[in-house]
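Written below as structure tokens is the structure these notes are about.
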Amino acid sequence: MARACARPAAPAWDGDVALPVAVGVACAGHGIALAPALHGYLHALTANLISTGVRLIPLGQTDGQRVLAALEPVVATTAERALVTALDDVGGAAFRSDIASMRHETQYTRLFRS
């Protein structure tokens, strides 16, 4: 995805790359600044999770949009906090989720398989 969208000035790589890295490369290649790129990425991640909820539970499209609107301040605050957090202070452990995410693309039916 990122390679097809990136300008020639963006670095290329061989093999697989994590989605956040690909998005970062594509944004850098198109001259999109870090703050709006990060905010957009977090917004898209949140919208994707809500979309899953809309399909999984009886939530409905309108209620899903309400949830997304209600979470926008959290998305904005998270993006702002991430911009000033030192890399040494970032951490996490979601091994099973990470492994499932890596396999998601190759599942024969992807909805809820990973």
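Ligands are numbered from 1 in the order shown, residues from 1 within each chain, and chains are lettered A, B, ... in the order they appear in the structure tokens.
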
Helix (DSSP H, G or I) call set, DSSP backbone run, chain A, as a PDB file with N, CA and C atoms, in the first residue's frame:
ATOM      1  N   ALA A   2       1.758   1.367   0.976  1.00  0.00           N
ATOM      2  CA  ALA A   2       2.549   2.585   1.102  1.00  0.00           C
ATOM      3  C   ALA A   2       3.458   2.782  -0.094  1.00  0.00           C
ATOM      4  N   ARG A   3       4.007   1.696  -0.613  1.00  0.00           N
ATOM      5  CA  ARG A   3       4.919   1.825  -1.748  1.00  0.00           C
ATOM      6  C   ARG A   3       4.195   2.386  -2.958  1.00  0.00           C
ATOM      7  N   ALA A   4       2.941   1.991  -3.154  1.00  0.00           N
ATOM      8  CA  ALA A   4       2.170   2.479  -4.292  1.00  0.00           C
ATOM      9  C   ALA A   4       1.811   3.952  -4.128  1.00  0.00           C
ATOM     10  N   CYS A   5       1.687   4.418  -2.891  1.00  0.00           N
ATOM     11  CA  CYS A   5       1.287   5.799  -2.620  1.00  0.00           C
ATOM     12  C   CYS A   5       2.467   6.726  -2.389  1.00  0.00           C
ATOM     13  N   LEU A  19       1.988  -1.836   9.589  1.00  0.00           N
ATOM     14  CA  LEU A  19       1.109  -0.790   9.062  1.00  0.00           C
ATOM     15  C   LEU A  19       1.488   0.606   9.559  1.00  0.00           C
ATOM     16  N   PRO A  20       1.741   0.814  10.854  1.00  0.00           N
ATOM     17  CA  PRO A  20       2.105   2.177  11.280  1.00  0.00           C
ATOM     18  C   PRO A  20       3.351   2.703  10.576  1.00  0.00           C
ATOM     19  N   VAL A  21       4.306   1.820  10.299  1.00  0.00           N
ATOM     20  CA  VAL A  21       5.513   2.233   9.586  1.00  0.00           C
ATOM     21  C   VAL A  21       5.168   2.600   8.145  1.00  0.00           C
ATOM     22  N   ALA A  22       4.352   1.769   7.496  1.00  0.00           N
ATOM     23  CA  ALA A  22       3.945   2.052   6.116  1.00  0.00           C
ATOM     24  C   ALA A  22       3.185   3.373   6.030  1.00  0.00           C
ATOM     25  N   VAL A  23       2.300   3.614   6.984  1.00  0.00           N
ATOM     26  CA  VAL A  23       1.548   4.881   6.996  1.00  0.00           C
ATOM     27  C   VAL A  23       2.507   6.047   7.207  1.00  0.00           C
ATOM     28  N   GLY A  24       3.463   5.890   8.113  1.00  0.00           N
ATOM     29  CA  GLY A  24       4.443   6.947   8.352  1.00  0.00           C
ATOM     30  C   GLY A  24       5.257   7.264   7.119  1.00  0.00           C
ATOM     31  N   VAL A  25       5.677   6.226   6.399  1.00  0.00           N
ATOM     32  CA  VAL A  25       6.456   6.423   5.174  1.00  0.00           C
ATOM     33  C   VAL A  25       5.606   7.126   4.114  1.00  0.00           C
ATOM     34  N   ALA A  26       4.359   6.676   3.971  1.00  0.00           N
ATOM     35  CA  ALA A  26       3.477   7.306   2.983  1.00  0.00           C
ATOM     36  C   ALA A  26       3.227   8.768   3.331  1.00  0.00           C
ATOM     37  N   CYS A  27       2.985   9.053   4.600  1.00  0.00           N
ATOM     38  CA  CYS A  27       2.749  10.444   5.014  1.00  0.00           C
ATOM     39  C   CYS A  27       3.993  11.297   4.786  1.00  0.00           C
ATOM     40  N   ALA A  28       5.149  10.766   5.163  1.00  0.00           N
ATOM     41  CA  ALA A  28       6.392  11.517   4.953  1.00  0.00           C
ATOM     42  C   ALA A  28       6.625  11.762   3.472  1.00  0.00           C
ATOM     43  N   GLY A  29       6.348  10.755   2.653  1.00  0.00           N
ATOM     44  CA  GLY A  29       6.543  10.890   1.218  1.00  0.00           C
ATOM     45  C   GLY A  29       5.635  11.925   0.578  1.00  0.00           C
ATOM     46  N   LEU A  34       3.855  15.329  11.067  1.00  0.00           N
ATOM     47  CA  LEU A  34       3.657  14.265  12.045  1.00  0.00           C
ATOM     48  C   LEU A  34       2.351  14.419  12.826  1.00  0.00           C
ATOM     49  N   ALA A  35       2.046  15.606  13.326  1.00  0.00           N
ATOM     50  CA  ALA A  35       0.857  15.777  14.171  1.00  0.00           C
ATOM     51  C   ALA A  35      -0.444  15.402  13.442  1.00  0.00           C
ATOM     52  N   PRO A  36      -0.717  15.949  12.259  1.00  0.00           N
ATOM     53  CA  PRO A  36      -1.956  15.538  11.582  1.00  0.00           C
ATOM     54  C   PRO A  36      -1.929  14.083  11.117  1.00  0.00           C
ATOM     55  N   ALA A  37      -0.747  13.571  10.763  1.00  0.00           N
ATOM     56  CA  ALA A  37      -0.658  12.160  10.358  1.00  0.00           C
ATOM     57  C   ALA A  37      -0.999  11.256  11.532  1.00  0.00           C
ATOM     58  N   LEU A  38      -0.458  11.557  12.696  1.00  0.00           N
ATOM     59  CA  LEU A  38      -0.734  10.762  13.893  1.00  0.00           C
ATOM     60  C   LEU A  38      -2.203  10.843  14.272  1.00  0.00           C
ATOM     61  N   HIS A  39      -2.761  12.030  14.255  1.00  0.00           N
ATOM     62  CA  HIS A  39      -4.177  12.205  14.583  1.00  0.00           C
ATOM     63  C   HIS A  39      -5.050  11.415  13.599  1.00  0.00           C
ATOM     64  N   GLY A  40      -4.733  11.515  12.326  1.00  0.00           N
ATOM     65  CA  GLY A  40      -5.502  10.776  11.319  1.00  0.00           C
ATOM     66  C   GLY A  40      -5.399   9.276  11.494  1.00  0.00           C
ATOM     67  N   TYR A  41      -4.199   8.794  11.816  1.00  0.00           N
ATOM     68  CA  TYR A  41      -4.007   7.361  12.024  1.00  0.00           C
ATOM     69  C   TYR A  41      -4.821   6.884  13.230  1.00  0.00           C
ATOM     70  N   LEU A  42      -4.767   7.621  14.329  1.00  0.00           N
ATOM     71  CA  LEU A  42      -5.522   7.230  15.524  1.00  0.00           C
ATOM     72  C   LEU A  42      -7.027   7.310  15.287  1.00  0.00           C
ATOM     73  N   HIS A  43      -7.465   8.310  14.535  1.00  0.00           N
ATOM     74  CA  HIS A  43      -8.887   8.426  14.200  1.00  0.00           C
ATOM     75  C   HIS A  43      -9.328   7.210  13.372  1.00  0.00           C
ATOM     76  N   ALA A  44      -8.516   6.838  12.374  1.00  0.00           N
ATOM     77  CA  ALA A  44      -8.854   5.693  11.530  1.00  0.00           C
ATOM     78  C   ALA A  44      -8.878   4.397  12.339  1.00  0.00           C
ATOM     79  N   LEU A  45      -7.932   4.232  13.259  1.00  0.00           N
ATOM     80  CA  LEU A  45      -7.903   3.052  14.118  1.00  0.00           C
ATOM     81  C   LEU A  45      -9.168   2.987  14.971  1.00  0.00           C
ATOM     82  N   THR A  46      -9.538   4.105  15.553  1.00  0.00           N
ATOM     83  CA  THR A  46     -10.746   4.165  16.381  1.00  0.00           C
ATOM     84  C   THR A  46     -11.985   3.868  15.543  1.00  0.00           C
ATOM     85  N   ALA A  47     -12.082   4.455  14.368  1.00  0.00           N
ATOM     86  CA  ALA A  47     -13.233   4.216  13.489  1.00  0.00           C
ATOM     87  C   ALA A  47     -13.314   2.751  13.086  1.00  0.00           C
ATOM     88  N   ASN A  48     -12.171   2.117  12.853  1.00  0.00           N
ATOM     89  CA  ASN A  48     -12.144   0.708  12.488  1.00  0.00           C
ATOM     90  C   ASN A  48     -12.666  -0.161  13.637  1.00  0.00           C
ATOM     91  N   LEU A  49     -12.241   0.126  14.849  1.00  0.00           N
ATOM     92  CA  LEU A  49     -12.721  -0.642  16.005  1.00  0.00           C
ATOM     93  C   LEU A  49     -14.223  -0.453  16.206  1.00  0.00           C
ATOM     94  N   ILE A  50     -14.703   0.751  16.022  1.00  0.00           N
ATOM     95  CA  ILE A  50     -16.141   1.017  16.159  1.00  0.00           C
ATOM     96  C   ILE A  50     -16.915   0.309  15.056  1.00  0.00           C
ATOM     97  N   SER A  51     -16.380   0.304  13.847  1.00  0.00           N
ATOM     98  CA  SER A  51     -17.031  -0.393  12.739  1.00  0.00           C
ATOM     99  C   SER A  51     -17.178  -1.879  13.043  1.00  0.00           C
ATOM    100  N   THR A  52     -16.179  -2.452  13.677  1.00  0.00           N
ATOM    101  CA  THR A  52     -16.270  -3.849  14.094  1.00  0.00           C
ATOM    102  C   THR A  52     -17.410  -4.016  15.082  1.00  0.00           C
ATOM    103  N   GLY A  53     -17.526  -3.101  16.029  1.00  0.00           N
ATOM    104  CA  GLY A  53     -18.615  -3.151  16.999  1.00  0.00           C
ATOM    105  C   GLY A  53     -19.975  -3.007  16.350  1.00  0.00           C
ATOM    106  N   VAL A  54     -20.058  -2.171  15.342  1.00  0.00           N
ATOM    107  CA  VAL A  54     -21.331  -1.982  14.632  1.00  0.00           C
ATOM    108  C   VAL A  54     -21.788  -3.306  14.008  1.00  0.00           C
ATOM    109  N   ARG A  55     -20.842  -4.077  13.474  1.00  0.00           N
ATOM    110  CA  ARG A  55     -21.191  -5.357  12.854  1.00  0.00           C
ATOM    111  C   ARG A  55     -21.385  -6.476  13.872  1.00  0.00           C
ATOM    112  N   LEU A  56     -20.678  -6.389  14.990  1.00  0.00           N
ATOM    113  CA  LEU A  56     -20.702  -7.478  15.962  1.00  0.00           C
ATOM    114  C   LEU A  56     -21.887  -7.403  16.922  1.00  0.00           C
ATOM    115  N   GLN A  61     -25.399   2.149  12.574  1.00  0.00           N
ATOM    116  CA  GLN A  61     -24.489   3.128  11.993  1.00  0.00           C
ATOM    117  C   GLN A  61     -24.526   4.474  12.709  1.00  0.00           C
ATOM    118  N   THR A  62     -25.719   4.955  13.017  1.00  0.00           N
ATOM    119  CA  THR A  62     -25.830   6.261  13.668  1.00  0.00           C
ATOM    120  C   THR A  62     -25.205   6.242  15.049  1.00  0.00           C
ATOM    121  N   ASP A  63     -25.484   5.186  15.811  1.00  0.00           N
ATOM    122  CA  ASP A  63     -24.878   5.089  17.134  1.00  0.00           C
ATOM    123  C   ASP A  63     -23.358   4.934  17.028  1.00  0.00           C
ATOM    124  N   GLY A  64     -22.898   4.223  16.013  1.00  0.00           N
ATOM    125  CA  GLY A  64     -21.455   4.109  15.795  1.00  0.00           C
ATOM    126  C   GLY A  64     -20.824   5.468  15.543  1.00  0.00           C
ATOM    127  N   GLN A  65     -21.484   6.315  14.760  1.00  0.00           N
ATOM    128  CA  GLN A  65     -20.979   7.670  14.514  1.00  0.00           C
ATOM    129  C   GLN A  65     -21.002   8.510  15.794  1.00  0.00           C
ATOM    130  N   ARG A  66     -22.007   8.298  16.625  1.00  0.00           N
ATOM    131  CA  ARG A  66     -22.061   9.016  17.905  1.00  0.00           C
ATOM    132  C   ARG A  66     -20.901   8.613  18.807  1.00  0.00           C
ATOM    133  N   VAL A  67     -20.598   7.317  18.832  1.00  0.00           N
ATOM    134  CA  VAL A  67     -19.472   6.832  19.637  1.00  0.00           C
ATOM    135  C   VAL A  67     -18.170   7.440  19.121  1.00  0.00           C
ATOM    136  N   LEU A  68     -17.992   7.458  17.810  1.00  0.00           N
ATOM    137  CA  LEU A  68     -16.785   8.033  17.230  1.00  0.00           C
ATOM    138  C   LEU A  68     -16.663   9.516  17.583  1.00  0.00           C
ATOM    139  N   ALA A  69     -17.755  10.247  17.487  1.00  0.00           N
ATOM    140  CA  ALA A  69     -17.736  11.674  17.842  1.00  0.00           C
ATOM    141  C   ALA A  69     -17.410  11.867  19.315  1.00  0.00           C
ATOM    142  N   ALA A  70     -17.952  11.010  20.158  1.00  0.00           N
ATOM    143  CA  ALA A  70     -17.694  11.121  21.598  1.00  0.00           C
ATOM    144  C   ALA A  70     -16.234  10.797  21.926  1.00  0.00           C
ATOM    145  N   LEU A  71     -15.612   9.936  21.136  1.00  0.00           N
ATOM    146  CA  LEU A  71     -14.220   9.555  21.384  1.00  0.00           C
ATOM    147  C   LEU A  71     -13.203  10.504  20.760  1.00  0.00           C
ATOM    148  N   GLU A  72     -13.645  11.429  19.936  1.00  0.00           N
ATOM    149  CA  GLU A  72     -12.712  12.331  19.262  1.00  0.00           C
ATOM    150  C   GLU A  72     -11.835  13.106  20.250  1.00  0.00           C
ATOM    151  N   PRO A  73     -12.356  13.612  21.383  1.00  0.00           N
ATOM    152  CA  PRO A  73     -11.446  14.272  22.338  1.00  0.00           C
ATOM    153  C   PRO A  73     -10.369  13.325  22.880  1.00  0.00           C
ATOM    154  N   VAL A  74     -10.703  12.066  23.066  1.00  0.00           N
ATOM    155  CA  VAL A  74      -9.720  11.090  23.535  1.00  0.00           C
ATOM    156  C   VAL A  74      -8.661  10.859  22.462  1.00  0.00           C
ATOM    157  N   VAL A  75      -9.093  10.762  21.206  1.00  0.00           N
ATOM    158  CA  VAL A  75      -8.157  10.589  20.094  1.00  0.00           C
ATOM    159  C   VAL A  75      -7.205  11.787  20.030  1.00  0.00           C
ATOM    160  N   ALA A  76      -7.747  12.989  20.112  1.00  0.00           N
ATOM    161  CA  ALA A  76      -6.927  14.202  20.035  1.00  0.00           C
ATOM    162  C   ALA A  76      -5.938  14.277  21.197  1.00  0.00           C
ATOM    163  N   THR A  77      -6.397  13.979  22.395  1.00  0.00           N
ATOM    164  CA  THR A  77      -5.524  14.009  23.571  1.00  0.00           C
ATOM    165  C   THR A  77      -4.428  12.949  23.462  1.00  0.00           C
ATOM    166  N   THR A  78      -4.790  11.767  22.991  1.00  0.00           N
ATOM    167  CA  THR A  78      -3.812  10.695  22.833  1.00  0.00           C
ATOM    168  C   THR A  78      -2.746  11.077  21.814  1.00  0.00           C
ATOM    169  N   ALA A  79      -3.163  11.670  20.698  1.00  0.00           N
ATOM    170  CA  ALA A  79      -2.201  12.103  19.679  1.00  0.00           C
ATOM    171  C   ALA A  79      -1.268  13.172  20.244  1.00  0.00           C
ATOM    172  N   GLU A  80      -1.813  14.127  20.966  1.00  0.00           N
ATOM    173  CA  GLU A  80      -0.993  15.185  21.556  1.00  0.00           C
ATOM    174  C   GLU A  80      -0.001  14.615  22.565  1.00  0.00           C
ATOM    175  N   ARG A  81      -0.462  13.686  23.389  1.00  0.00           N
ATOM    176  CA  ARG A  81       0.411  13.071  24.390  1.00  0.00           C
ATOM    177  C   ARG A  81       1.519  12.256  23.724  1.00  0.00           C
ATOM    178  N   ALA A  82       1.175  11.565  22.643  1.00  0.00           N
ATOM    179  CA  ALA A  82       2.171  10.755  21.945  1.00  0.00           C
ATOM    180  C   ALA A  82       3.285  11.623  21.356  1.00  0.00           C
ATOM    181  N   LEU A  83       2.950  12.809  20.938  1.00  0.00           N
ATOM    182  CA  LEU A  83       3.949  13.694  20.334  1.00  0.00           C
ATOM    183  C   LEU A  83       5.015  14.138  21.321  1.00  0.00           C
ATOM    184  N   VAL A  84       4.704  14.153  22.614  1.00  0.00           N
ATOM    185  CA  VAL A  84       5.659  14.632  23.612  1.00  0.00           C
ATOM    186  C   VAL A  84       6.198  13.509  24.509  1.00  0.00           C
ATOM    187  N   LEU A  87      10.476   8.035  23.433  1.00  0.00           N
ATOM    188  CA  LEU A  87      10.403   6.666  22.961  1.00  0.00           C
ATOM    189  C   LEU A  87      10.733   5.660  24.072  1.00  0.00           C
ATOM    190  N   ASP A  88      11.633   6.020  24.968  1.00  0.00           N
ATOM    191  CA  ASP A  88      11.983   5.135  26.083  1.00  0.00           C
ATOM    192  C   ASP A  88      10.824   4.929  27.055  1.00  0.00           C
ATOM    193  N   ASP A  89       9.839   5.815  27.031  1.00  0.00           N
ATOM    194  CA  ASP A  89       8.688   5.711  27.929  1.00  0.00           C
ATOM    195  C   ASP A  89       7.517   4.955  27.308  1.00  0.00           C
ATOM    196  N   PHE A  95       1.217  -9.759  22.808  1.00  0.00           N
ATOM    197  CA  PHE A  95       1.814 -10.743  21.905  1.00  0.00           C
ATOM    198  C   PHE A  95       0.784 -11.504  21.086  1.00  0.00           C
ATOM    199  N   ARG A  96      -0.249 -12.012  21.734  1.00  0.00           N
ATOM    200  CA  ARG A  96      -1.247 -12.790  20.991  1.00  0.00           C
ATOM    201  C   ARG A  96      -1.965 -11.923  19.971  1.00  0.00           C
ATOM    202  N   SER A  97      -2.291 -10.713  20.354  1.00  0.00           N
ATOM    203  CA  SER A  97      -2.937  -9.792  19.419  1.00  0.00           C
ATOM    204  C   SER A  97      -2.002  -9.458  18.259  1.00  0.00           C
ATOM    205  N   ASP A  98      -0.731  -9.249  18.558  1.00  0.00           N
ATOM    206  CA  ASP A  98       0.239  -8.950  17.503  1.00  0.00           C
ATOM    207  C   ASP A  98       0.371 -10.111  16.528  1.00  0.00           C
ATOM    208  N   ILE A  99       0.445 -11.324  17.038  1.00  0.00           N
ATOM    209  CA  ILE A  99       0.560 -12.496  16.170  1.00  0.00           C
ATOM    210  C   ILE A  99      -0.693 -12.643  15.319  1.00  0.00           C
ATOM    211  N   ALA A 100      -1.862 -12.477  15.922  1.00  0.00           N
ATOM    212  CA  ALA A 100      -3.108 -12.565  15.160  1.00  0.00           C
ATOM    213  C   ALA A 100      -3.160 -11.487  14.084  1.00  0.00           C
ATOM    214  N   SER A 101      -2.708 -10.298  14.411  1.00  0.00           N
ATOM    215  CA  SER A 101      -2.704  -9.213  13.429  1.00  0.00           C
ATOM    216  C   SER A 101      -1.789  -9.528  12.254  1.00  0.00           C
ATOM    217  N   MET A 102      -0.647 -10.157  12.527  1.00  0.00           N
ATOM    218  CA  MET A 102       0.278 -10.510  11.448  1.00  0.00           C
ATOM    219  C   MET A 102      -0.345 -11.536  10.501  1.00  0.00           C
ATOM    220  N   ARG A 103      -1.187 -12.380  11.022  1.00  0.00           N
ATOM    221  CA  ARG A 103      -1.810 -13.424  10.205  1.00  0.00           C
ATOM    222  C   ARG A 103      -3.103 -12.957   9.546  1.00  0.00           C
ATOM    223  N   HIS A 104      -3.624 -11.818   9.942  1.00  0.00           N
ATOM    224  CA  HIS A 104      -4.926 -11.329   9.480  1.00  0.00           C
ATOM    225  C   HIS A 104      -5.022 -11.284   7.959  1.00  0.00           C
TER     226      HIS A 104
END

For this session: For atom CA of A:Ala93 and atom CA of A:Ala18, quote the distance in Å rounded to one decimal.
Result: 15.9 Å

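You will find atom CA of A:Ile57 at 24.0 Å from atom CA of A:Ala94.
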